[in-house]
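Chemist: Here it is: the structure, laid out below.
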Amino acid sequence: MELVQSAPSLIRASDCGFRSAKWRNSMFWTDSLQELESRECRSSAIRSVRKTKSFAIKASGGEGGVEATETTVVEKPRLRRFEVLVGSPMPFGATAMDGGVNFAIHSSCAVSATLCLMSVSDLEENRVTEQINLDPLINKTGDIWHAFLKGNFVDMLYGYKFDGKLSPEEGHYYDSSRILLDPYAKAVISREQYGALGPDGNCWSQMAGMVPSSDNAFDWEGDLPLNNPQRDLIIYEMHVRGFTKHESSNATYPGTYRGVVEKLDHLKELGINCIELMPCQEYNELEYFSYNSVFGDYKMNFWGYSTLNYFSPMLRYSDAGKRNCGGDAINEVKFLVREAHKRGIEVIMDVVFNHTAEGNEKGPIISFRGVDNSVYYMLAPKGEFYNYSGCGNTFNCNHPVVRQFVLDCLRYWVTEMHVDGFRFDLASILTRSSSLWDAANVYGDVIEGDILTTGTPLSSPPLIDMISNDPILRGVKLIAEAWDAGGLYQVGSFPHWGIWSEWNGKYRDIVRQFIKGTDGFSGAFAECLCGSPNLYQQGVRKPWNSINFVCAHDGFTLADLVMYNKKHNLANGEANMDGESHNNSWNCGQEGEFACLPVKRLRKRQMRNFFLCLMVSQGVPMIYMGDEYGHTKGGNNNTYCHDNYINYFRWDKKEESSSDFFRFCRLITKFRRECESLGLNEFPTADRLQWHGHAPGRPDWSEKSRFVAFSLIDSAKQEIYIAFNTSHLSVTVALPERPGFRWEPLVDTSKPTPYDFLSDDVPERDIAVKQYAHFLDANLYPMLSYSSIILVLAPDYNA
């Protein structure tokens with residue numbers, strides 16, 4: 001006789017009992033079930049969720065007087081672990097409240113929703129501990145499913161199942177067999193160890209969210225926002241794992257948030273007062289997992305620009321891992337922020353709201369896609385994914401639900417985690433119009449009003465408007481990468497409300513061209529030195545709206561910029577087809593790290609030139625991790641997939657160069673901080689700045705000019721003179737006349753260390769200065785090819 005397993009019947013408070021007559025009339029009706037039914041009537045609890053022993057029930061009936069017997073296996077409900085109440089539709093996510101936890105999630109087209117609760121041990125075995133079917137009549141308000149649970153949540157995680165249409169051509173990916181991650185989960189638990197495969201070699205292990213607890217307190221020790229003026233920032237772009245993972249770091253907690261804390265004093269020594277963390281919201285580093293025959297290791301998603309969850313910190317960057325269901329990892333991030341603030345260092349997060357890790361229609365269904373695909377993603381009329389990100393999908397940022405989600409997330413990181421601002425990856429996507437999921441609109445029926453095509457750039461995008469005018473967010477640092485992979489380039493024109501800054505990609509390109517000696521860039525280079533007023537002044541913006549950089553994670557390092565003419569990305573396994581081919585680099589005469597001594601000397605000179613330019617330009621300078629000692633990636637300009645020494649900060653190399661390039665960088669950074677005129681709140685005018693050429697007051701802006709010089713009145717230094725000679729020819733420059741004063745050399749990038757920067761502690765400094773006395777007495781200074789100088793004005797006691 002065949003046994004058929006049947007699911008437990010649902011219990012609804014509105015029924016005051018069981019729907020099934022078979023249950024009500026069964027001989028197996030017990031006192032415990034009557035007690036349970038009574039409890040359901042007395043409270044707002046709506047169903048039974050615990051599985052118990054199976055019992056056989058016989059039913060009689062048949063045709064022609066012949067008795068037919070049907071045997072069915074049913075499950076007897078037993079007392080639940082959790083009391084389930086109606087709950088509240090707000091706030092979204094799982095929220096610890098007095099007496100329990102409220103769960104709320106938006107899903108506009110799902111026909112049913114199930115809250116899945118899992119212990120950590122059950123998650124590891126791919127088991128669901130408890131399933132709570134949410135009643136659409138009781139546990140749904142509008143498009144929000146919700147419930148309030150009372151019970152013991154120790155060691156408990158959660159996710160959701162949604163049922164509805166599985167119709168990709170209509171934009172729906174509902175699948176009731178999948179347990180989905182709540183977009184508002186505050187910690188995501190799956191694999192614990194970075195780079196380690198899940199059970200059975202699985203790269204996409206089941207994930208679940210942390211059920212929050214009010215017991216997971218953190219002692220902020222009175223931490224408050226630093227609120228450093230943006231014009232005073234010196235930003236350091238950093239990868240959390242890469243900063244201390246190399247064995248030479250000697251960190252107690254290598255590759256973690258705590259490891260970064262161990263090395264904060266290095267940043268303080270360098271003069272950094274703001275770190276920009278590359279993505280450290282939960283992502284899957286195994287997304288590109290495959291064997292790399294070049295290095296004998298495995299390709300990883302090392303950079304992390306493929307977010308799975310925006311509220312959860314990357315748990316595998318923590319020493320705690322999933323201990324305390326992720327609560328301890330959250331506190332490690334808070335520890336990093338607190339300790340950075342103690343050293344006067346702000347913390348900015350690189351956030352990736354332009355796309356998610358779910359990719360295109362062939363990608364995994366993890367969270368957003370299964371919860372509400374047509375809301376969270378930009379979709380074409382037949383369900384295809386718009387791909388303005390170049391990564392398979394585009395987050396539907398200006399949809400009302402999605403923009404509220406982004407706002408809630410940013411507020412959380414500011415209020416709960418104390419971060420000081422955000423850099424938005426491919427931020428131009430945040431300005432594109434959202435999908436219109438209305439059949440009449442999609443298929444062209446006449447409607448009232450103007451309808452924008454999906455993805456059209458908006459002059460006043462709702463999301464940017466909301467962030468810019470939010471009472472919490474408008475006071476933090478907001479930095480846009482003002483372009484996207486769909487060809488929208490908004491450097492200088494990003495909607496800003498007077499508070500947004502931009503990664504100035506034009507600064508990078510122009511400075512690279514001029515420093516390597518390309519004709520036709522002297523005028524554009526001068527604009528860069530002034531904070532790019534050609535881009536920002538007309539929009540009533542300030543110099544600090546320009547985030548100046550020569551190198552970043554994406555592209556050549558500073559050392560590779562002067563060692564390679566071409567990218568060398570074969571190690572990525574993509575036949576050198578990936579990465580940018582237009583690098584504006586120059587190898588100084590020989591390709592690669594190994595070169596003759598004159599070429600190596602020229603390379604060091606060029607590195608000093610780039611760094612000096614960065615530090616004397618108006619705007620906010622940004623340094624890429626490792627550039628302060630000359631880190632090389634072997635000419636690879638797209639190292640997104642390497643979890644190895646290519647991307648690791650080499651502390652041994654930093655120590656080797658501590659008396660060389662690192663010293664120069666540290667002193668130039670210190671000089672910038674000491675000069676009032678190098679971090680202006682307004683664009684410099686003729687009252688303060690004067691341009692020069694080979695002769696004072698006679699700048700050369702011609703097509704062939706490779707020389708730019710200027711003097712700048714400074715309240716701390718009186719006046720400074722800065723010149724760049726990017727010609728292959730040496731030149732002797734005439735200095736501006738300043739009666740009663742004389743110019744003294746401070747920086748000359750053509751000199752070997754320590755004479756490249758004549759700080760007070762340089763041995764025999766006076767002798768080094770006197771070597772130029774005969775030139776300076778004549779108000780002249782000799783400059784070698786490809787060199788730059790800084791002179792400071794000092795009283796002439798012999799006048």
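Lettering and numbering for the structure tokens are positional, with chains as A, B, ... in the shown order, residues counted from 1 in each chain, and ligands counted from 1 in the shown order.
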Near Phe422 (chain A), within 12 Å and counting only C-alpha atoms, which residues show up once chain neighbours fewer than 3 positions away are dropped, as a ChimeraX atom specification?
Modeler: /A:274-280,346-353,409-411,413-414,418-419,425,427,467,473-481,500-503
Chemist: Please identify which residues in region 499-686 of chain A DSSP calls strand (DSSP E or B) from the backbone, and express them as a ChimeraX atom specification.
Modeler: /A:500-503,546-548,620-624
Chemist: CA of Phe92 (chain A) and CA of Ile105 (chain A) are how many Å apart?
Modeler: 5.7 Å
Chemist: Please provide the set of residues having any atom within 6 Å of Asn354 (chain A), restricted to only C-alpha atoms, with same-chain residues fewer than 6 positions apart removed, written as a list in words.
Modeler: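 In the requested form, the answer reads Thr394, Phe395 and Ile429 of chain A.
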Chemist: Rank A:Asn273, A:Ala94, A:Ile646, A:Met118 by their smallest atom-to-atom distance to Arg231 (chain A), using only C-alpha atoms, and report the top residue only.
Modeler: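 Result for the nearest residue to Arg231 (chain A): A:Asn273.
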Chemist: When you look at region 359-366 of chain A with a cut-off of 9 Å (counting only C-alpha atoms), what residues show up, excluding the ones that are within fewer than 3 positions of it in the same chain? I need them as a list in words.
Modeler: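 Within the cut-off, the hits are Pro168, Tyr173, Asp175, Arg178, Ile179, Leu180, Leu181, Trp204, Gln206, Met207, Ser306, Leu308, His355, Thr356, Arg369, Gly370, Val371, Gly383, Glu384, Phe385, Tyr386, Asn387, Cys391, Gly392, Asn393 and Thr394 of chain A.
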Chemist: Please identify all polymer residues within 9 Å of region 774-782 of chain A, counting only C-alpha atoms, omitting same-chain residues fewer than 4 positions from it, and present them as a compact mmCIF listing (two decimals) with C-alpha atoms, in the first residue's frame.
Modeler:
```
# COMPACT_ATOMS: atom_id res chain seq x y z
CA SER A 730 67.09 70.89 -19.33
CA VAL A 731 66.26 74.52 -18.72
CA THR A 732 67.37 77.36 -16.45
CA VAL A 733 64.40 79.34 -15.20
CA ALA A 734 64.35 82.93 -14.05
CA LEU A 735 62.51 83.36 -10.75
CA PRO A 736 60.12 86.17 -9.80
CA GLU A 737 61.85 89.15 -8.17
CA ARG A 742 65.29 85.19 -1.75
CA TRP A 743 64.05 81.84 -3.03
CA GLU A 744 65.32 78.77 -1.21
CA PRO A 745 65.18 75.24 -2.67
CA LYS A 770 74.87 76.52 -0.93
```
